[in-house]
>>> print(open('coords-v5.txt').read())   # compact mmCIF, C-alpha atoms
# COMPACT_ATOMS: atom_id res chain seq x y z
CA MET A 1 0.00 0.00 0.00
CA LEU A 2 2.83 2.41 0.83
CA ASN A 3 4.59 1.67 -2.47
CA GLN A 4 1.36 2.25 -4.40
CA TYR A 5 0.87 5.59 -2.63
CA LEU A 6 4.44 6.62 -3.51
CA ARG A 7 3.94 5.62 -7.14
CA ASP A 8 0.79 7.72 -7.31
CA LEU A 9 2.87 10.65 -6.09
CA LYS A 10 5.51 9.80 -8.71
CA GLN A 11 8.09 9.16 -5.99
CA ASP A 12 9.11 5.72 -7.21
CA PHE A 13 12.64 6.13 -5.89
CA LEU A 14 11.23 6.02 -2.33
CA CYS A 15 9.49 2.69 -2.83
CA ILE A 16 10.58 -0.16 -0.58
CA THR A 17 12.34 -2.90 -2.49
CA GLN A 18 12.46 -6.58 -1.55
CA LYS A 19 15.96 -6.06 -0.21
CA ASP A 20 14.82 -3.13 1.92
CA GLU A 21 12.00 -5.26 3.32
CA ALA A 22 14.43 -8.09 4.12
CA VAL A 23 16.79 -5.67 5.88
CA LEU A 24 13.94 -4.21 7.95
CA LYS A 25 12.72 -7.68 8.96
CA GLU A 26 16.22 -8.67 10.09
CA PHE A 27 16.63 -5.41 11.98
CA LEU A 28 13.29 -5.87 13.77
CA SER A 29 14.20 -9.45 14.62
CA LEU A 30 17.48 -8.28 16.16
CA MET A 31 16.02 -5.44 18.17
CA CYS A 32 12.63 -6.75 19.35
CA LEU A 33 13.96 -8.48 22.50
CA LEU A 34 16.18 -5.51 23.33
CA ALA A 35 13.17 -3.21 23.06
CA GLU A 36 11.07 -5.49 25.28
CA ALA A 37 13.82 -5.71 27.90
CA THR A 38 14.17 -1.93 27.93
CA SER A 39 10.44 -1.50 28.45
CA ARG A 40 10.06 -4.19 31.11
CA THR A 41 13.07 -3.20 33.23
CA GLN A 42 11.78 0.38 33.46
CA SER A 43 8.69 -0.84 35.28
CA GLN A 44 7.78 1.12 38.38
CA ASN A 45 4.92 -0.93 39.85
CA GLY A 46 6.87 -4.12 40.48
CA PRO A 47 10.37 -5.48 41.05
CA SER A 48 12.66 -4.99 38.04
CA ILE A 49 16.06 -6.22 39.27
CA SER A 50 14.86 -9.82 38.87
CA MET A 51 14.51 -9.31 35.11
CA ALA A 52 18.15 -8.43 34.49
CA ALA A 53 19.86 -11.85 34.35
CA PRO A 54 16.97 -13.70 32.61
CA SER A 55 16.82 -10.93 29.98
CA ILE A 56 20.57 -10.91 29.33
CA ILE A 57 20.86 -14.68 28.93
CA VAL A 58 17.89 -14.83 26.52
CA ILE A 59 19.12 -11.87 24.46
CA TYR A 60 22.66 -13.26 24.24
CA PHE A 61 21.61 -16.65 22.89
CA ASP A 62 19.00 -15.06 20.63
CA LEU A 63 21.64 -12.82 19.02
CA LYS A 64 23.99 -15.79 18.60
CA ASN A 65 21.18 -17.63 16.82
CA GLU A 66 20.26 -14.62 14.70
CA LEU A 67 23.87 -14.29 13.57
CA LYS A 68 23.58 -17.66 11.79
CA ASN A 69 20.59 -16.43 9.77
CA CYS A 70 21.58 -12.82 9.10
CA VAL A 71 22.23 -11.90 5.47
CA TYR A 72 22.28 -8.10 5.50
CA THR A 73 22.67 -7.20 9.17
CA SER A 74 25.42 -9.59 10.30
CA SER A 75 27.80 -6.71 11.14
CA LEU A 76 25.12 -5.08 13.33
CA CYS A 77 24.44 -8.40 15.04
CA LYS A 78 28.14 -8.94 15.76
CA ARG A 79 28.41 -5.45 17.21
CA LEU A 80 25.37 -6.02 19.44
CA ILE A 81 26.90 -9.26 20.76
CA GLN A 82 30.23 -7.49 21.36
CA SER A 83 28.51 -4.63 23.18
CA LEU A 84 26.53 -7.10 25.30
CA ILE A 85 29.72 -8.90 26.33
CA GLU A 86 31.59 -5.66 27.02
CA ARG A 87 28.83 -4.42 29.32
CA PHE A 88 27.53 -7.63 30.92
CA GLY A 89 30.55 -9.92 30.64
CA GLY A 90 30.81 -10.26 34.41
CA MET A 91 27.32 -11.75 34.55
CA LEU A 92 27.85 -14.04 31.55
CA GLU A 93 30.84 -15.65 33.29
CA TYR A 94 28.43 -17.30 35.73
CA PHE A 95 26.95 -19.29 32.85
CA ASP A 96 30.30 -20.75 31.71
CA ILE A 97 30.02 -18.87 28.42
CA GLN A 98 33.34 -18.69 26.62
CA LEU A 99 34.04 -14.99 26.11
CA PRO A 100 36.68 -13.64 23.69
CA THR A 101 39.96 -13.17 25.55
CA ASN A 102 40.99 -10.16 23.46
CA LEU A 103 37.75 -8.27 24.08
CA LYS A 104 38.11 -5.19 26.25
CA LYS A 105 35.37 -5.08 28.87
CA LYS A 106 33.85 -1.86 30.12
CA GLU A 107 34.43 -0.81 33.71
CA MET A 108 30.83 -1.58 34.62
CA SER A 109 31.23 -5.20 33.50
CA ASP A 110 32.54 -6.31 36.89
CA LEU A 111 29.53 -4.72 38.60
CA TYR A 112 27.36 -7.38 36.99
CA LYS A 113 29.25 -10.09 38.86
CA ASP A 114 27.11 -9.12 41.83
CA LYS A 115 25.23 -12.22 42.98
CA ILE A 116 22.06 -10.18 43.45
CA PHE A 117 21.40 -10.66 39.73
CA LEU A 118 21.26 -14.43 40.26
CA LEU A 119 19.36 -14.40 43.55
CA THR A 120 16.54 -11.98 42.72
CA PRO A 121 15.00 -14.03 39.85
CA PHE A 122 14.56 -16.90 42.32
CA LEU A 123 12.47 -14.63 44.57
CA ASP A 124 10.31 -13.54 41.64
CA ALA A 125 7.46 -16.02 41.12
CA ASN A 126 7.58 -15.33 37.38
CA PHE A 127 11.07 -16.81 37.13
CA LYS A 128 12.08 -18.91 40.17
CA LEU A 129 14.59 -21.32 38.57
CA ASN A 130 12.66 -21.70 35.30
CA TRP A 131 14.78 -19.12 33.52
CA ILE A 132 17.79 -21.42 34.00
CA SER A 133 16.13 -24.79 33.38
CA SER A 134 14.47 -23.53 30.18
CA SER A 135 17.67 -22.01 28.76
CA ILE A 136 20.00 -23.76 26.30
CA LEU A 137 22.82 -24.00 28.81
CA SER A 138 24.35 -27.43 29.36
CA ASP A 139 22.68 -29.70 31.90
CA ALA A 140 25.77 -29.59 34.12
CA VAL A 141 25.73 -25.79 34.24
CA LYS A 142 21.98 -25.74 34.91
CA THR A 143 22.31 -28.17 37.81
CA ARG A 144 25.28 -26.32 39.32
CA LEU A 145 23.61 -22.92 39.08
CA CYS A 146 20.29 -24.10 40.52
CA GLU A 147 21.91 -25.85 43.48
CA ASN A 148 24.21 -22.94 44.27
CA ILE A 149 21.40 -20.40 44.04
CA LYS A 150 19.26 -22.42 46.46
CA LYS A 151 22.20 -22.74 48.87
CA MET A 152 22.93 -19.01 48.77
CA ILE A 153 19.25 -18.14 49.22
CA CYS A 154 19.13 -20.44 52.24
CA GLU A 155 22.28 -18.97 53.82
CA LEU A 156 21.20 -15.39 53.17
CA ALA A 157 17.71 -15.96 54.58
CA VAL A 158 19.15 -17.51 57.75
CA GLN A 159 21.68 -14.70 58.06
CA LEU A 160 18.99 -12.05 57.63
CA HIS A 161 16.78 -13.82 60.15
CA GLN A 162 19.65 -13.73 62.67
CA GLU A 163 20.14 -10.01 62.08
CA HIS A 164 16.45 -9.38 62.74
CA ASN A 165 16.50 -11.71 65.75
CA PRO A 166 19.87 -11.24 67.52
CA SER A 167 18.93 -13.77 70.18
CA THR A 168 19.32 -16.56 67.62
CA THR A 169 22.94 -15.67 66.87
CA ASN A 170 25.33 -18.53 67.57
CA GLU A 171 29.04 -19.05 67.35
CA LYS A 172 28.81 -18.82 63.57
CA GLY A 173 27.32 -15.38 63.77
CA GLY A 174 30.71 -13.69 63.70
CA GLY A 175 32.00 -15.70 60.77
CA ASP A 176 32.07 -14.83 57.11
CA LYS A 177 28.84 -13.37 55.80
CA ILE A 178 27.57 -13.72 52.28
CA ASP A 179 28.73 -10.67 50.38
CA ILE A 180 26.12 -10.23 47.68
CA GLY A 181 28.46 -7.99 45.76
CA GLY A 182 31.71 -9.57 46.88
CA GLU A 183 34.45 -11.36 45.05
CA LYS A 184 33.72 -14.89 46.28
CA ASN A 185 33.00 -17.32 43.47
CA ILE A 186 29.51 -18.76 43.25
CA ASP A 187 31.01 -22.25 43.48
CA ASP A 188 32.14 -21.42 47.04
CA ALA A 189 28.58 -21.30 48.35
CA ASP A 190 29.27 -24.38 50.51
CA ASN A 191 32.22 -22.69 52.19
CA ILE A 192 30.72 -19.29 52.95
CA PHE A 193 30.00 -20.23 56.58
CA LYS A 194 32.88 -22.67 56.91
CA HIS A 195 34.89 -20.74 59.53
CA LYS A 196 33.59 -20.93 63.07
CA ARG A 197 33.90 -18.32 65.74
CA LYS A 198 35.85 -19.25 68.86
CA SER A 199 33.85 -20.08 71.99
CA LEU A 200 34.82 -19.98 75.65
CA PHE A 201 33.04 -23.16 76.65
CA SER A 202 32.85 -25.27 73.54
CA TYR A 203 32.93 -28.45 75.65
CA CYS A 204 29.64 -27.78 77.43
CA SER A 205 26.05 -27.22 76.34
CA LEU A 206 25.63 -23.49 77.02
CA ASN A 207 25.17 -22.81 73.34
CA GLU A 208 22.94 -25.77 72.52
CA LYS A 209 19.77 -23.64 72.48
CA LYS A 210 21.35 -21.16 70.09
CA LYS A 211 22.53 -23.98 67.84
CA SER A 212 19.06 -25.46 67.91
CA LYS A 213 17.50 -22.14 66.88
CA LEU A 214 19.93 -21.86 63.98
CA VAL A 215 19.11 -25.37 62.82
CA ASP A 216 15.38 -24.64 63.12
CA ALA A 217 15.77 -21.48 61.01
CA ARG A 218 17.78 -23.33 58.38
CA LEU A 219 15.24 -26.16 58.21
CA GLN A 220 12.42 -23.64 57.94
CA VAL A 221 14.12 -21.86 55.03
CA GLU A 222 14.79 -25.14 53.27
CA ALA A 223 11.14 -26.12 53.73
CA GLU A 224 10.01 -22.74 52.38
CA ILE A 225 12.30 -23.09 49.34
CA PHE A 226 10.94 -26.57 48.61
CA GLN A 227 7.32 -25.44 48.98
CA TYR A 228 7.96 -22.30 46.93
CA LEU A 229 9.42 -24.29 44.00
CA GLN A 230 6.48 -26.71 44.12
CA ASP A 231 3.92 -23.88 44.19
CA ASP A 232 2.43 -23.48 40.70
CA SER A 233 0.50 -20.33 41.52
CA LYS A 234 1.73 -17.09 39.99
CA GLY A 235 1.10 -15.16 43.18
CA HIS A 236 4.10 -13.03 44.02
CA ILE A 237 6.17 -13.97 47.06
CA LEU A 238 5.73 -10.40 48.30
CA ASP A 239 2.00 -11.15 48.57
CA GLN A 240 2.54 -14.41 50.49
CA ARG A 241 4.23 -13.28 53.68
CA SER A 242 2.36 -15.81 55.82
CA SER A 243 3.40 -18.72 53.60
CA TYR A 244 7.06 -17.79 53.20
CA PRO A 245 8.02 -15.51 56.15
CA LEU A 246 11.81 -15.95 55.87
CA LEU A 247 11.92 -15.76 52.08
CA TYR A 248 9.65 -12.73 52.32
CA GLU A 249 12.23 -10.92 54.48
CA LEU A 250 14.91 -11.65 51.90
CA ALA A 251 12.68 -10.64 48.99
CA ILE A 252 11.93 -7.27 50.62
CA LYS A 253 15.67 -6.64 50.94
CA LEU A 254 16.74 -7.72 47.44
CA LEU A 255 13.79 -7.00 45.16
CA SER A 256 13.67 -3.35 46.29
CA VAL A 257 16.74 -2.66 44.12
CA PRO A 258 15.70 -1.09 40.77
CA ALA A 259 17.24 -2.48 37.59
CA THR A 260 17.48 0.94 35.92
CA SER A 261 17.56 4.60 36.87
CA ALA A 262 14.18 5.22 35.21
CA PRO A 263 12.22 5.48 38.52
CA VAL A 264 14.68 8.08 39.80
CA GLU A 265 14.47 10.03 36.55
CA ARG A 266 10.68 10.08 36.91
CA VAL A 267 11.13 11.72 40.30
CA PHE A 268 13.34 14.38 38.68
CA SER A 269 10.61 14.94 36.08
CA HIS A 270 8.03 15.54 38.81
CA SER A 271 10.38 18.08 40.39
CA GLY A 272 10.75 19.76 37.01
CA PHE A 273 6.96 20.08 36.67
CA LEU A 274 6.76 21.68 40.12
CA MET A 275 9.71 24.05 39.75
CA ARG A 276 8.34 26.31 37.02
CA THR A 277 9.23 29.89 36.12
CA GLN A 278 6.20 31.14 38.02
CA ARG A 279 7.49 29.41 41.19
CA ALA A 280 11.11 30.51 41.03
CA SER A 281 11.11 31.54 44.70
CA LEU A 282 10.27 27.98 45.83
CA THR A 283 12.79 26.82 48.44
CA LYS A 284 14.60 23.51 48.07
CA THR A 285 12.97 22.23 51.26
CA MET A 286 9.47 22.96 49.99
CA LEU A 287 10.35 21.51 46.56
CA SER A 288 11.57 18.34 48.23
CA LYS A 289 8.37 18.00 50.27
CA LEU A 290 6.10 18.66 47.29
CA THR A 291 8.00 16.12 45.20
CA PHE A 292 7.72 13.56 47.99
CA PHE A 293 3.94 14.04 48.25
CA LYS A 294 3.53 13.98 44.47
CA CYS A 295 5.42 10.68 44.10
CA ASN A 296 3.78 9.00 47.11
CA PHE A 297 0.25 10.33 46.86
CA HIS A 298 -1.06 6.86 45.97
CA LEU A 299 -0.07 5.64 49.46
CA LEU A 300 -2.63 7.98 51.01
CA LEU A 301 -5.53 6.59 48.97
>>> encode(input="coords-v5.txt", output="structure tokens")
Amino acid sequence: MLNQYLRDLKQDFLCITQKDEAVLKEFLSLMCLLAEATSRTQSQNGPSISMAAPSIIVIYFDLKNELKNCVYTSSLCKRLIQSLIERFGGMLEYFDIQLPTNLKKKEMSDLYKDKIFLLTPFLDANFKLNWISSSILSDAVKTRLCENIKKMICELAVQLHQEHNPSTTNEKGGGDKIDIGGEKNIDDADNIFKHKRKSLFSYCSLNEKKKSKLVDARLQVEAEIFQYLQDDSKGHILDQRSSYPLLYELAIKLLSVPATSAPVERVFSHSGFLMRTQRASLTKTMLSKLTFFKCNFHLLL
């Protein structure tokens, strides 16, 4: 229809050829997942950090597959893959993906080694461990990742429970803590709490109650993890506090991290709407309060 309209206007040179159509189709195929990821991770009404790792792994393998079929846009596809590795290479290392050794990573690449990107999808009922099991990673990598994620979730939930309930702290309480953004390898999940704190009376039973409380907390978390993975409902874990109390505490802590700066930029936009030329004498304190009320007005309804 567009070509016919252009011919009627005697603008034949603007008509879309078969090659142009093929190029556009390839371009759309390359960019559609990137566009969807951009839109979804800018969400404001739900957790977005949990979408980061599942999105990256799907986009990476999709681009690798598209590269095999590209005829006109292969150079663009290669550049997208290179840019993805440069920016998110730290995250891709968790999946045993062989990255080019001569490729220069960007400074932010190491930031994506943060384990929060692996833990938050588990706490999102839309992903759990399905984003790993349904990927085209090898079975060995899938098994290793799933087991390590469950172990780290368990240790973090117990650790957070101890922080909220100091009375349950035992001799391990002063040992190594899980550093969500630390340098410890994910394969070391078994050894995170390996070192024990010294005790004055290790030969007697003064600490038996504390040990028992720790074991109870660990068993409770393990039971919650098992039940959570068996639960087929799509209800979000943040809406099921009574069913998963310890996982809920961890979800509140981790899923509150935004995946992008879009929510913050929206706050700046609200401030810009308030600070107009006609209100140039508005003080920064009043502007701050008005912005706060504007952005949180829904909480009062």
>>> atom_distance(input="coords-v5.txt", atom1="CA of Leu118 in chain A", atom2="CA of Trp131 in chain A")
10.5 Å
>>> atom_distance(input="coords-v5.txt", atom1="CA of Ser29 in chain A", atom2="CA of Glu66 in chain A")
8.0 Å
>>> residues_around(input="coords-v5.txt", residues="Ile59 in chain A", least_positions_apart="2", cutoff="12 Å", atoms="only C-alpha atoms", output="short mmCIF file (atom, residue, chain, number, x, y, z; two decimals) with C-alpha atoms, in the coordinates of the input")
data_model
loop_
_atom_site.label_atom_id
_atom_site.label_comp_id
_atom_site.auth_asym_id
_atom_site.auth_seq_id
_atom_site.Cartn_x
_atom_site.Cartn_y
_atom_site.Cartn_z
CA SER A 29 14.20 -9.45 14.62
CA LEU A 30 17.48 -8.28 16.16
CA MET A 31 16.02 -5.44 18.17
CA CYS A 32 12.63 -6.75 19.35
CA LEU A 33 13.96 -8.48 22.50
CA LEU A 34 16.18 -5.51 23.33
CA ALA A 35 13.17 -3.21 23.06
CA GLU A 36 11.07 -5.49 25.28
CA ALA A 37 13.82 -5.71 27.90
CA THR A 38 14.17 -1.93 27.93
CA MET A 51 14.51 -9.31 35.11
CA ALA A 52 18.15 -8.43 34.49
CA ALA A 53 19.86 -11.85 34.35
CA PRO A 54 16.97 -13.70 32.61
CA SER A 55 16.82 -10.93 29.98
CA ILE A 56 20.57 -10.91 29.33
CA ILE A 57 20.86 -14.68 28.93
CA PHE A 61 21.61 -16.65 22.89
CA ASP A 62 19.00 -15.06 20.63
CA LEU A 63 21.64 -12.82 19.02
CA LYS A 64 23.99 -15.79 18.60
CA ASN A 65 21.18 -17.63 16.82
CA GLU A 66 20.26 -14.62 14.70
CA CYS A 77 24.44 -8.40 15.04
CA LEU A 80 25.37 -6.02 19.44
CA ILE A 81 26.90 -9.26 20.76
CA SER A 83 28.51 -4.63 23.18
CA LEU A 84 26.53 -7.10 25.30
CA ILE A 85 29.72 -8.90 26.33
CA PHE A 88 27.53 -7.63 30.92
CA LEU A 92 27.85 -14.04 31.55
CA SER A 135 17.67 -22.01 28.76
#
>>> atom_distance(input="coords-v5.txt", atom1="CA of Ala125 in chain A", atom2="CA of Arg144 in chain A")
20.7 Å
>>> residues_around(input="coords-v5.txt", residues="range 224-226 of chain A", least_positions_apart="2", cutoff="9 Å", atoms="all atoms listed in the file", output="PyMOL selection string")
chain A and resi 150+153-154+219-222+228-231+243-247
>>> residues_around(input="coords-v5.txt", residues="Glu107 in chain A", least_positions_apart="3", cutoff="12 Å", atoms="all atoms listed in the file", output="number ranges by chain")
A: 85-90, 104, 110-113
>>> residues_around(input="coords-v5.txt", residues="range 272-281 of chain A", least_positions_apart="3", cutoff="9 Å", atoms="all atoms listed in the file", output="CSV table (one decimal) with C-alpha atoms, keeping the file's coordinate frame")
chain,number,residue,atom,x,y,z
A,267,VAL,CA,11.1,11.7,40.3
A,268,PHE,CA,13.3,14.4,38.7
A,269,SER,CA,10.6,14.9,36.1
A,287,LEU,CA,10.4,21.5,46.6
A,290,LEU,CA,6.1,18.7,47.3
A,291,THR,CA,8.0,16.1,45.2
>>> closest_residue(input="coords-v5.txt", among="A:Leu282, A:Ala217, A:Ala262, A:Leu250", to="Ser43 in chain A", atoms="all atoms listed in the file")
A:Ala262
>>> closest_residue(input="coords-v5.txt", among="A:Leu300, A:Leu28, A:Ile49, A:Met91", to="Phe127 in chain A", atoms="all atoms listed in the file")
A:Ile49
>>> closest_residue(input="coords-v5.txt", among="A:Lys115, A:Lys128, A:Arg7, A:Arg40", to="His236 in chain A", atoms="only C-alpha atoms")
A:Lys128
>>> closest_residue(input="coords-v5.txt", among="A:Asp20, A:Asp232, A:Asp96, A:Asp216", to="Ser138 in chain A", atoms="all atoms listed in the file")
A:Asp96
>>> closest_residue(input="coords-v5.txt", among="A:Tyr72, A:Ser233, A:Arg79, A:Leu24", to="Asn126 in chain A", atoms="all atoms listed in the file")
A:Ser233
>>> closest_residue(input="coords-v5.txt", among="A:Tyr248, A:Tyr5, A:Phe292, A:Phe13", to="Leu160 in chain A", atoms="all atoms listed in the file")
A:Tyr248
>>> axis_aligned_box(input="coords-v5.txt", around="range 249-259 of chain A", padding_each_side="6 Å", output="AutoDock Vina command-line options")
--center_x 14.6 --center_y -6.4 --center_z 46.0 --size_x 17.3 --size_y 22.6 --size_z 28.9
>>> residues_near_point(input="coords-v5.txt", point="(16.6, -10.8, 58.9)", cutoff="10 Å", atoms="all atoms listed in the file", output="list of chain:residue names")
A:Leu156, A:Ala157, A:Val158, A:Gln159, A:Leu160, A:His161, A:Gln162, A:Glu163, A:His164, A:Asn165, A:Pro166, A:Leu246, A:Leu247, A:Tyr248, A:Glu249, A:Leu250, A:Lys253
